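This report refers to the structure that appears directly beneath it.
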Amino acid sequence: MTLRFVSLLFLLFSSFTLKVQDFRSYVANKQWILVTDKAEKSERIRFVSYSKDIVSLNTMIWEFKPNGRLTYDFQSNEDVEACLGVNFSDLDLDASTLRPNSATNIILLTLMGGYASIDDFISKNEYESQTFLVDSKVECFEMVLKNKVFFRNLN
């Protein structure tokens, strides 16, 4: 009985410490479509793996680098007609980072950006991540807010 209990504890501890590393390798150097509006203020930020079929008007596509930096691009489906008043954000790539912490299993996301310019807001929040599949084929991950470190409206 004691050996089973120790084995169970070892398994639980191993899965906990590997979760952030798994997250890092899961998201690194892949393109992810942001599906959450106003991500800088949201309790949950959801991404789905890039697929041209999902791209609509001004779809924001992120790529997370192993060094904690991120890049992004906007794409639009050529079948979608553009309209006036489309609201999309810009990020300052020098100030925006994603930092997983393997000791706490928390991800620190810092975003600096805006809708009129790249210096409208800065947010720094701590998240836990969840990875999953949709329809057994589309890779997704969601970051669930655990702690608002700060949000500052720079306007």
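Following the order of the structure tokens, first chain is A, next is B, and so on, with residues numbered from 1 inside each chain and ligands from 1 in the order they appear.
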> Hey, what's within 7 Å of Asn77 (chain A) if we count only C-alpha atoms and toss same-chain stuff fewer than 4 positions away? As a ChimeraX atom specification, please?
Replying inline: /A:55-57
Output C-alpha atoms for every residue in the selection just made, as a CSV table (one decimal), in the first residue's frame.
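Everything below was put into out12.csv:
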```csv
chain,number,residue,atom,x,y,z
A,55,VAL,CA,-8.9,32.8,-41.1
A,56,SER,CA,-11.5,35.5,-41.5
A,57,LEU,CA,-11.2,39.3,-41.6
```
>> At a cut-off of 12 Å, using only C-alpha atoms, what residues contact Lys146 (chain A)? Leave out same-chain residues fewer than 4 positions from it and give the result as a list in words.
In response: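 The filter keeps Ser42, Glu43, Arg44, Ile45, Thr104, Asn105, Ile106, Ile107, Leu108, Leu109, Lys124, Asn125, Glu126, Tyr127, Glu128 and Ser129 of chain A.
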DSSP-assigned strand (DSSP E or B) members of region 24-122 of chain A, reported as a compact mmCIF listing (two decimals) with C-alpha atoms, in the first residue's frame:
```
# COMPACT_ATOMS: atom_id res chain seq x y z
CA ALA A 28 6.74 27.13 -29.32
CA GLN A 31 1.29 29.62 -35.40
CA TRP A 32 -1.74 30.18 -33.18
CA ILE A 33 -4.92 32.07 -34.01
CA LEU A 34 -6.14 34.31 -31.21
CA ARG A 44 -9.53 33.55 -20.47
CA ILE A 45 -7.41 33.82 -23.60
CA ARG A 46 -7.97 31.08 -26.16
CA PHE A 47 -5.84 30.13 -29.15
CA VAL A 48 -6.40 27.51 -31.85
CA SER A 49 -3.71 26.09 -34.09
CA THR A 59 -7.30 37.32 -38.00
CA MET A 60 -4.47 37.80 -35.49
CA ILE A 61 -1.91 35.00 -35.68
CA TRP A 62 0.66 34.68 -32.88
CA GLU A 63 3.89 32.72 -32.72
CA PHE A 64 5.60 32.11 -29.37
CA ARG A 69 9.26 36.62 -27.21
CA LEU A 70 6.27 36.59 -29.47
CA THR A 71 5.56 37.64 -33.00
CA TYR A 72 2.25 38.19 -34.73
CA ASP A 73 0.72 38.87 -38.08
CA PHE A 74 -2.73 39.62 -39.43
CA GLN A 75 -4.26 37.65 -42.26
CA ASP A 90 -1.15 46.15 -32.36
CA LEU A 91 1.53 44.89 -29.98
CA THR A 97 6.55 38.48 -23.55
CA LEU A 98 5.33 35.07 -22.42
CA ARG A 99 7.28 33.61 -19.47
CA PRO A 100 6.35 30.15 -18.13
CA ASN A 101 7.60 29.44 -14.60
CA ILE A 106 2.25 29.92 -13.77
CA ILE A 107 2.64 31.74 -17.08
CA LEU A 108 3.37 35.47 -16.94
CA LEU A 109 2.04 37.28 -20.01
CA THR A 110 3.06 40.88 -20.57
CA LEU A 111 1.35 42.80 -23.37
CA MET A 112 1.99 46.35 -24.46
CA GLY A 113 -0.09 47.59 -27.33
CA GLY A 114 -3.26 49.24 -28.37
CA PHE A 121 -2.14 49.93 -22.67
CA ILE A 122 0.24 47.65 -20.82
```
